[in-house]
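Trainee: What follows is the file query_1.pdb, containing PDB, C-alpha atoms and all ligand atoms:
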ATOM      1  CA  MET A   1       4.533 -10.736  14.435
ATOM      2  CA  GLU A   2       0.923  -9.821  15.212
ATOM      3  CA  LEU A   3      -0.201  -7.185  12.700
ATOM      4  CA  THR A   4      -2.369  -5.056  14.972
ATOM      5  CA  THR A   5       0.482  -4.846  17.500
ATOM      6  CA  LEU A   6       2.618  -3.209  14.839
ATOM      7  CA  ASP A   7      -0.178  -0.981  13.487
ATOM      8  CA  PRO A   8      -3.573  -0.815  15.247
ATOM      9  CA  THR A   9      -5.094   0.993  12.245
ATOM     10  CA  LEU A  10      -4.860  -2.148  10.105
ATOM     11  CA  GLN A  11      -8.465  -3.341   9.794
ATOM     12  CA  LEU A  12      -9.192  -7.026  10.412
ATOM     13  CA  ASP A  13     -11.965  -9.191   9.037
ATOM     14  CA  ILE A  14     -10.630 -12.664   9.798
ATOM     15  CA  ARG A  15     -13.212 -14.627   7.834
ATOM     16  CA  TYR A  16     -11.773 -18.005   8.786
ATOM     17  CA  ALA A  17     -12.571 -17.262  12.421
ATOM     18  CA  THR A  18     -16.249 -16.971  11.431
ATOM     19  CA  PRO A  19     -18.705 -19.155   9.490
ATOM     20  CA  HIS A  20     -18.652 -16.421   6.786
ATOM     21  CA  ASN A  21     -16.091 -18.149   4.528
ATOM     22  CA  PHE A  22     -16.092 -20.677   1.685
ATOM     23  CA  MET A  23     -15.891 -23.565   4.181
ATOM     24  CA  GLY A  24     -19.075 -22.339   5.918
ATOM     25  CA  ARG A  25     -17.673 -22.878   9.426
ATOM     26  CA  PRO A  26     -14.989 -21.299  11.657
ATOM     27  CA  LEU A  27     -11.494 -22.720  11.082
ATOM     28  CA  TYR A  28      -9.692 -20.476  13.574
ATOM     29  CA  SER A  29     -10.612 -20.124  17.235
ATOM     30  CA  GLN A  30      -9.124 -16.600  17.356
ATOM     31  CA  ALA A  31      -9.612 -13.641  14.993
ATOM     32  CA  ARG A  32      -5.951 -12.606  14.768
ATOM     33  CA  ALA A  33      -3.446 -12.031  11.944
ATOM     34  CA  PHE A  34       0.302 -12.692  11.952
ATOM     35  CA  LEU A  35       3.120 -12.346   9.392
ATOM     36  CA  GLN A  36       6.897 -12.666   9.422
ATOM     37  CA  ARG A  37       8.329  -9.340  10.574
ATOM     38  CA  PRO A  38       9.672  -8.048   7.187
ATOM     39  CA  ALA A  39       6.305  -8.763   5.537
ATOM     40  CA  ALA A  40       4.422  -7.172   8.449
ATOM     41  CA  GLU A  41       6.557  -4.034   8.283
ATOM     42  CA  ALA A  42       6.018  -3.756   4.525
ATOM     43  CA  LEU A  43       2.279  -4.053   5.070
ATOM     44  CA  VAL A  44       2.385  -1.185   7.569
ATOM     45  CA  GLN A  45       4.085   0.954   4.914
ATOM     46  CA  VAL A  46       1.325   0.175   2.417
ATOM     47  CA  ASN A  47      -1.259   1.111   5.049
ATOM     48  CA  ALA A  48       0.507   4.436   5.674
ATOM     49  CA  GLU A  49       0.449   5.261   1.952
ATOM     50  CA  LEU A  50      -3.246   4.435   1.731
ATOM     51  CA  LYS A  51      -4.303   6.721   4.570
ATOM     52  CA  PRO A  52      -3.959  10.053   2.675
ATOM     53  CA  LEU A  53      -6.027   8.460  -0.093
ATOM     54  CA  GLY A  54      -8.825   7.748   2.387
ATOM     55  CA  TYR A  55      -8.297   4.010   2.904
ATOM     56  CA  TRP A  56      -6.949   1.516   5.394
ATOM     57  CA  LEU A  57      -5.838  -1.990   4.527
ATOM     58  CA  LEU A  58      -8.425  -4.628   5.349
ATOM     59  CA  VAL A  59      -6.794  -7.945   6.287
ATOM     60  CA  PHE A  60      -8.684 -11.224   5.799
ATOM     61  CA  ASP A  61      -5.847 -13.634   6.582
ATOM     62  CA  GLY A  62      -2.096 -13.848   7.179
ATOM     63  CA  TYR A  63      -0.193 -16.783   8.679
ATOM     64  CA  ARG A  64      -2.285 -19.941   8.418
ATOM     65  CA  PRO A  65      -1.388 -23.184  10.242
ATOM     66  CA  TRP A  66      -0.664 -26.021   7.788
ATOM     67  CA  ARG A  67      -3.496 -28.224   9.071
ATOM     68  CA  ILE A  68      -6.012 -25.566   7.981
ATOM     69  CA  THR A  69      -4.574 -25.591   4.441
ATOM     70  CA  LYS A  70      -5.030 -29.376   4.446
ATOM     71  CA  GLN A  71      -8.676 -29.047   5.551
ATOM     72  CA  MET A  72      -9.343 -26.471   2.811
ATOM     73  CA  TRP A  73      -7.817 -28.674   0.090
ATOM     74  CA  ASP A  74      -9.730 -31.749   1.207
ATOM     75  CA  SER A  75     -13.042 -29.838   1.236
ATOM     76  CA  THR A  76     -12.595 -28.165  -2.168
ATOM     77  CA  PRO A  77     -13.702 -29.921  -5.383
ATOM     78  CA  PRO A  78     -10.787 -30.663  -7.785
ATOM     79  CA  GLU A  79     -12.043 -28.205 -10.420
ATOM     80  CA  LYS A  80     -11.583 -25.380  -7.886
ATOM     81  CA  HIS A  81      -8.108 -26.411  -6.754
ATOM     82  CA  GLU A  82      -6.427 -23.418  -8.440
ATOM     83  CA  PHE A  83      -7.934 -21.332  -5.613
ATOM     84  CA  VAL A  84      -6.484 -23.355  -2.712
ATOM     85  CA  ALA A  85      -2.905 -24.339  -1.925
ATOM     86  CA  ASP A  86      -1.779 -27.951  -2.341
ATOM     87  CA  PRO A  87      -0.863 -29.161   1.173
ATOM     88  CA  GLN A  88       1.903 -31.334  -0.353
ATOM     89  CA  LEU A  89       3.693 -28.115  -1.262
ATOM     90  CA  GLY A  90       2.292 -25.989   1.532
ATOM     91  CA  SER A  91       0.996 -22.458   1.178
ATOM     92  CA  ARG A  92       2.963 -19.221   1.475
ATOM     93  CA  HIS A  93       0.375 -18.516   4.197
ATOM     94  CA  ASN A  94       1.872 -21.453   6.150
ATOM     95  CA  ARG A  95       5.222 -19.634   6.061
ATOM     96  CA  GLY A  96       3.786 -16.376   7.365
ATOM     97  CA  CYS A  97       4.700 -14.737   4.061
ATOM     98  CA  ALA A  98       1.311 -14.363   2.367
ATOM     99  CA  VAL A  99      -1.542 -12.046   3.186
ATOM    100  CA  ASP A 100      -5.114 -11.670   1.917
ATOM    101  CA  VAL A 101      -6.122  -8.011   1.810
ATOM    102  CA  SER A 102      -8.579  -5.495   0.453
ATOM    103  CA  LEU A 103      -9.284  -1.791   1.031
ATOM    104  CA  TRP A 104     -11.368  -0.191   3.787
ATOM    105  CA  ASP A 105     -13.055   3.152   3.042
ATOM    106  CA  ILE A 106     -12.336   5.316   6.111
ATOM    107  CA  ALA A 107     -15.034   7.969   5.495
ATOM    108  CA  ALA A 108     -17.766   5.484   4.572
ATOM    109  CA  ASN A 109     -16.600   3.058   7.296
ATOM    110  CA  ARG A 110     -17.007   0.022   5.074
ATOM    111  CA  GLU A 111     -15.154  -2.395   2.823
ATOM    112  CA  VAL A 112     -14.415  -1.015  -0.649
ATOM    113  CA  PRO A 113     -16.347  -2.866  -3.405
ATOM    114  CA  MET A 114     -14.042  -4.843  -5.699
ATOM    115  CA  PRO A 115     -14.728  -6.579  -9.074
ATOM    116  CA  GLY A 116     -15.201  -9.854  -7.171
ATOM    117  CA  ASP A 117     -15.596 -10.961  -3.564
ATOM    118  CA  TYR A 118     -12.932 -12.449  -1.314
ATOM    119  CA  ASP A 119     -12.624 -16.221  -1.840
ATOM    120  CA  GLU A 120     -15.230 -16.111  -4.594
ATOM    121  CA  MET A 121     -13.396 -18.800  -6.630
ATOM    122  CA  SER A 122     -14.526 -17.583 -10.051
ATOM    123  CA  PHE A 123     -12.976 -15.734 -12.994
ATOM    124  CA  ARG A 124     -13.868 -12.492 -11.191
ATOM    125  CA  SER A 125     -11.093 -13.377  -8.744
ATOM    126  CA  TYR A 126      -8.388 -12.939 -11.397
ATOM    127  CA  PRO A 127      -6.487  -9.655 -10.952
ATOM    128  CA  THR A 128      -6.711  -9.285 -14.749
ATOM    129  CA  TYR A 129     -10.528  -9.647 -14.857
ATOM    130  CA  ALA A 130     -11.820  -6.790 -17.047
ATOM    131  CA  GLY A 131     -15.414  -6.828 -15.738
ATOM    132  CA  GLY A 132     -17.010  -5.019 -12.824
ATOM    133  CA  THR A 133     -17.159  -1.223 -12.780
ATOM    134  CA  ALA A 134     -14.238   1.035 -13.689
ATOM    135  CA  GLU A 135     -14.187   2.254 -10.090
ATOM    136  CA  GLN A 136     -13.968  -1.306  -8.747
ATOM    137  CA  ARG A 137     -11.087  -2.088 -11.079
ATOM    138  CA  GLU A 138      -9.307   1.125 -10.077
ATOM    139  CA  HIS A 139      -9.510   0.125  -6.419
ATOM    140  CA  ARG A 140      -8.221  -3.374  -7.141
ATOM    141  CA  ASP A 141      -5.366  -1.986  -9.224
ATOM    142  CA  LEU A 142      -4.481   0.640  -6.596
ATOM    143  CA  LEU A 143      -4.182  -2.102  -3.988
ATOM    144  CA  ARG A 144      -1.978  -4.175  -6.284
ATOM    145  CA  ARG A 145       0.233  -1.192  -7.240
ATOM    146  CA  LEU A 146       0.961  -0.245  -3.636
ATOM    147  CA  MET A 147       1.505  -3.839  -2.516
ATOM    148  CA  GLU A 148       3.905  -4.457  -5.407
ATOM    149  CA  ALA A 149       5.815  -1.280  -4.559
ATOM    150  CA  HIS A 150       6.530  -2.817  -1.140
ATOM    151  CA  GLY A 151       7.766  -6.271  -2.133
ATOM    152  CA  PHE A 152       4.523  -8.198  -2.558
ATOM    153  CA  THR A 153       3.404 -10.145  -5.652
ATOM    154  CA  VAL A 154      -0.243 -10.786  -6.485
ATOM    155  CA  LEU A 155      -1.439 -14.354  -7.111
ATOM    156  CA  PRO A 156      -2.635 -14.760 -10.751
ATOM    157  CA  ALA A 157      -5.912 -16.371  -9.568
ATOM    158  CA  GLU A 158      -6.752 -14.077  -6.610
ATOM    159  CA  TRP A 159      -6.693 -10.251  -6.578
ATOM    160  CA  TRP A 160      -6.603 -10.269  -2.732
ATOM    161  CA  HIS A 161      -3.669 -12.690  -2.213
ATOM    162  CA  PHE A 162      -0.113 -11.354  -2.029
ATOM    163  CA  ASP A 163       3.169 -13.219  -1.423
ATOM    164  CA  PHE A 164       6.109 -11.426   0.139
ATOM    165  CA  LYS A 165       9.585 -11.586  -1.434
ATOM    166  CA  GLY A 166      11.937 -14.125   0.124
ATOM    167  CA  TRP A 167       9.111 -16.453   1.267
ATOM    168  CA  GLN A 168      11.281 -19.416   0.197
ATOM    169  CA  SER A 169      13.580 -18.897   3.186
ATOM    170  CA  TYR A 170      10.807 -19.396   5.777
ATOM    171  CA  ARG A 171       9.576 -22.800   6.859
ATOM    172  CA  ILE A 172       6.066 -24.200   6.688
ATOM    173  CA  GLN A 173       4.584 -24.105  10.191
ATOM    174  CA  ASP A 174       1.606 -25.622  11.933
ATOM    175  CA  PHE A 175       1.491 -23.747  15.248
ATOM    176  CA  PRO A 176      -1.953 -22.465  16.278
ATOM    177  CA  PHE A 177      -2.192 -18.695  16.915
ATOM    178  CA  ASP A 178      -1.996 -19.012  20.708
ATOM    179  CA  LYS A 179       1.345 -20.874  20.404
ATOM    180  CA  LEU A 180       3.104 -18.210  18.325
TER
HETATM  181 ZN    ZN A 201      -4.272 -16.094   0.323
END
With the file now loaded, output its structure as structure tokens.
Ligand SMILES: [Zn+2]
Mentor:
Amino acid sequence: MELTTLDPTLQLDIRYATPHNFMGRPLYSQARAFLQRPAAEALVQVNAELKPLGYWLLVFDGYRPWRITKQMWDSTPPEKHEFVADPQLGSRHNRGCAVDVSLWDIAANREVPMPGDYDEMSFRSYPTYAGGTAEQREHRDLLRRLMEAHGFTVLPAEWWHFDFKGWQSYRIQDFPFDKL
């Protein structure tokens, strides 16, 4: 299910379709985001609850073909492996049941500052990190609270990564976006 088809107000910043990511080169040929339908519909509900608060959801990544997960693992030094999925096990992204998100400030028309950056791969990425400003932590915690209220669970190492309940029942896939 393509996210912007379901809700065109979901904001996209598909970093892996640009060189602006931890790999330093584009991994996707198309800047699109997909999830399994139940996860996509839950995300739309989170977006609807954010709107009266002045935010949209900003989506960095959804379904990710398995071969991309393999490339990420192979290019990441072992000491940073807690921040990338082991291709032997596959990623919840490969099942279309994980999404990387942040908040978009509607009035300011920009990404909301968080305690750490997307894919930063440092202790600032932990959702329990107590640093940054109080306002940054409030934004991070608001995102987590709303996502958890709609069936998502945050990854202990990444404040932006959420898995959707029931991901175990979906298979790991390797289709590119234009074959979905
Ligand atoms: Zn993720």
Trainee: For the file shown, what are the residues hit by the PyMOL selection byres (((not hetatm)) within 7 of (chain A and resi 201)), laid out as a list of chain:residue names?
Mentor: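 When the PyMOL selection byres (((not hetatm)) within 7 of (chain A and resi 201)) is applied, the selected residues are A:Asp61, A:His93, A:Ala98, A:Val99, A:Asp100, A:Trp160, A:His161, A:Phe162.
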Trainee: Identify the residues around (6.7, -3.2, 4.1) within a radius of 9 Å, measuring from only C-alpha atoms in the coordinates stated by the file, and give them as a PyMOL selection string.
Mentor: chain A and resi 38-46+147+149-152
Trainee: Using all atoms listed in the file, determine which residues lie at most 10 Å from A:Pro113, disregarding the query and same-chain residues fewer than 3 positions distant; provide the list as a list in words.
Mentor: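 In the requested form, the answer reads Ser102, Leu103, Trp104, Asp105, Arg110, Gly116, Asp117, Gly132, Thr133, Glu135, Gln136, Arg137, His139 and Arg140 of chain A.
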Trainee: I need the residues from that last selection saved to file as a short mmCIF file (atom, residue, chain, number, x, y, z; two decimals), keeping the file's coordinate frame (with C-alpha atoms), if you can.
Mentor:
data_model
loop_
_atom_site.label_atom_id
_atom_site.label_comp_id
_atom_site.auth_asym_id
_atom_site.auth_seq_id
_atom_site.Cartn_x
_atom_site.Cartn_y
_atom_site.Cartn_z
CA SER A 102 -8.58 -5.50 0.45
CA LEU A 103 -9.28 -1.79 1.03
CA TRP A 104 -11.37 -0.19 3.79
CA ASP A 105 -13.06 3.15 3.04
CA ARG A 110 -17.01 0.02 5.07
CA GLY A 116 -15.20 -9.85 -7.17
CA ASP A 117 -15.60 -10.96 -3.56
CA GLY A 132 -17.01 -5.02 -12.82
CA THR A 133 -17.16 -1.22 -12.78
CA GLU A 135 -14.19 2.25 -10.09
CA GLN A 136 -13.97 -1.31 -8.75
CA ARG A 137 -11.09 -2.09 -11.08
CA HIS A 139 -9.51 0.12 -6.42
CA ARG A 140 -8.22 -3.37 -7.14
#
Trainee: For a test of reading the model, state the distance in Å between atom CA of A:Asn21 and atom CA of A:Met121, rounded to one decimal.
Mentor: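 Atom-to-atom, atom CA of A:Asn21 and atom CA of A:Met121 are spaced 11.5 Å apart.
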Trainee: Quick one: which residues end up in the PyMOL selection byres (((chain A and resi 174-177) around 7) and not hetatm) for this structure, as a list of chain:residue names?
Mentor: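 Taken on the displayed file, the PyMOL selection byres (((chain A and resi 174-177) around 7) and not hetatm) yields the residues A:Pro65, A:Trp66, A:Arg67, A:Gln173, A:Asp178, A:Lys179, A:Leu180.
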Trainee: Residues near A:Glu49, anyone? I mean within 9 Å using only C-alpha atoms, not counting same-chain ones fewer than 6 positions away, as an NGL selection string.
Mentor: :A and (55-56 or 146)
Trainee: Can you give me, as a JSON list (two decimals) with C-alpha atoms, keeping the file's coordinate frame, the residues this file yields under the PyMOL selection byres (((chain A and resi 119) around 12) and not hetatm)?
Mentor:
[["chain", "number", "residue", "atom", "x", "y", "z"],
["A", 15, "ARG", "CA", -13.21, -14.63, 7.83],
["A", 16, "TYR", "CA", -11.77, -18.00, 8.79],
["A", 20, "HIS", "CA", -18.65, -16.42, 6.79],
["A", 21, "ASN", "CA", -16.09, -18.15, 4.53],
["A", 22, "PHE", "CA", -16.09, -20.68, 1.68],
["A", 23, "MET", "CA", -15.89, -23.56, 4.18],
["A", 24, "GLY", "CA", -19.08, -22.34, 5.92],
["A", 60, "PHE", "CA", -8.68, -11.22, 5.80],
["A", 61, "ASP", "CA", -5.85, -13.63, 6.58],
["A", 72, "MET", "CA", -9.34, -26.47, 2.81],
["A", 76, "THR", "CA", -12.60, -28.16, -2.17],
["A", 80, "LYS", "CA", -11.58, -25.38, -7.89],
["A", 82, "GLU", "CA", -6.43, -23.42, -8.44],
["A", 83, "PHE", "CA", -7.93, -21.33, -5.61],
["A", 84, "VAL", "CA", -6.48, -23.36, -2.71],
["A", 100, "ASP", "CA", -5.11, -11.67, 1.92],
["A", 101, "VAL", "CA", -6.12, -8.01, 1.81],
["A", 102, "SER", "CA", -8.58, -5.50, 0.45],
["A", 116, "GLY", "CA", -15.20, -9.85, -7.17],
["A", 117, "ASP", "CA", -15.60, -10.96, -3.56],
["A", 118, "TYR", "CA", -12.93, -12.45, -1.31],
["A", 120, "GLU", "CA", -15.23, -16.11, -4.59],
["A", 121, "MET", "CA", -13.40, -18.80, -6.63],
["A", 122, "SER", "CA", -14.53, -17.58, -10.05],
["A", 123, "PHE", "CA", -12.98, -15.73, -12.99],
["A", 124, "ARG", "CA", -13.87, -12.49, -11.19],
["A", 125, "SER", "CA", -11.09, -13.38, -8.74],
["A", 126, "TYR", "CA", -8.39, -12.94, -11.40],
["A", 157, "ALA", "CA", -5.91, -16.37, -9.57],
["A", 158, "GLU", "CA", -6.75, -14.08, -6.61],
["A", 159, "TRP", "CA", -6.69, -10.25, -6.58],
["A", 160, "TRP", "CA", -6.60, -10.27, -2.73],
["A", 161, "HIS", "CA", -3.67, -12.69, -2.21]]
Trainee: At what distance in Å, to one decimal, does atom CA of A:Val112 lie from atom CA of A:Tyr129?
Mentor: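 Result for atom CA of A:Tyr129 versus atom CA of A:Val112: 17.1 Å, one decimal.
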Trainee: Leaving out A:Leu27 and any residue of its chain fewer than 4 positions from it, which residues lie within 8 Å of it when counting all atoms listed in the file, given as a PDB file with C-alpha atoms, in the frame of the given file?
Mentor:
ATOM      1  CA  TYR A  16     -11.773 -18.005   8.786  1.00  0.00           C
ATOM      2  CA  ALA A  17     -12.571 -17.262  12.421  1.00  0.00           C
ATOM      3  CA  THR A  18     -16.249 -16.971  11.431  1.00  0.00           C
ATOM      4  CA  ILE A  68      -6.012 -25.566   7.981  1.00  0.00           C
TER       5      ILE A  68
END
Trainee: Pick the closest to A:Ala107 from A:Pro52, A:Gln36, A:Pro26, A:Ile14: which is it, counting all atoms listed in the file?
Mentor: A:Pro52
Trainee: Between atom CA of A:Leu57 and atom CA of A:Leu155, what is the distance, to one decimal in Å?
Mentor: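 The value is 17.5 Å.
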Trainee: Which neighbours of A:Ala85 fall inside 7 Å, counting all atoms listed in the file, when residues of the same chain fewer than 3 positions from it are skipped, and could you give them as a list in words?
Mentor: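 Everything that qualifies: Thr69, Trp73, Gly90 and Ser91 of chain A.
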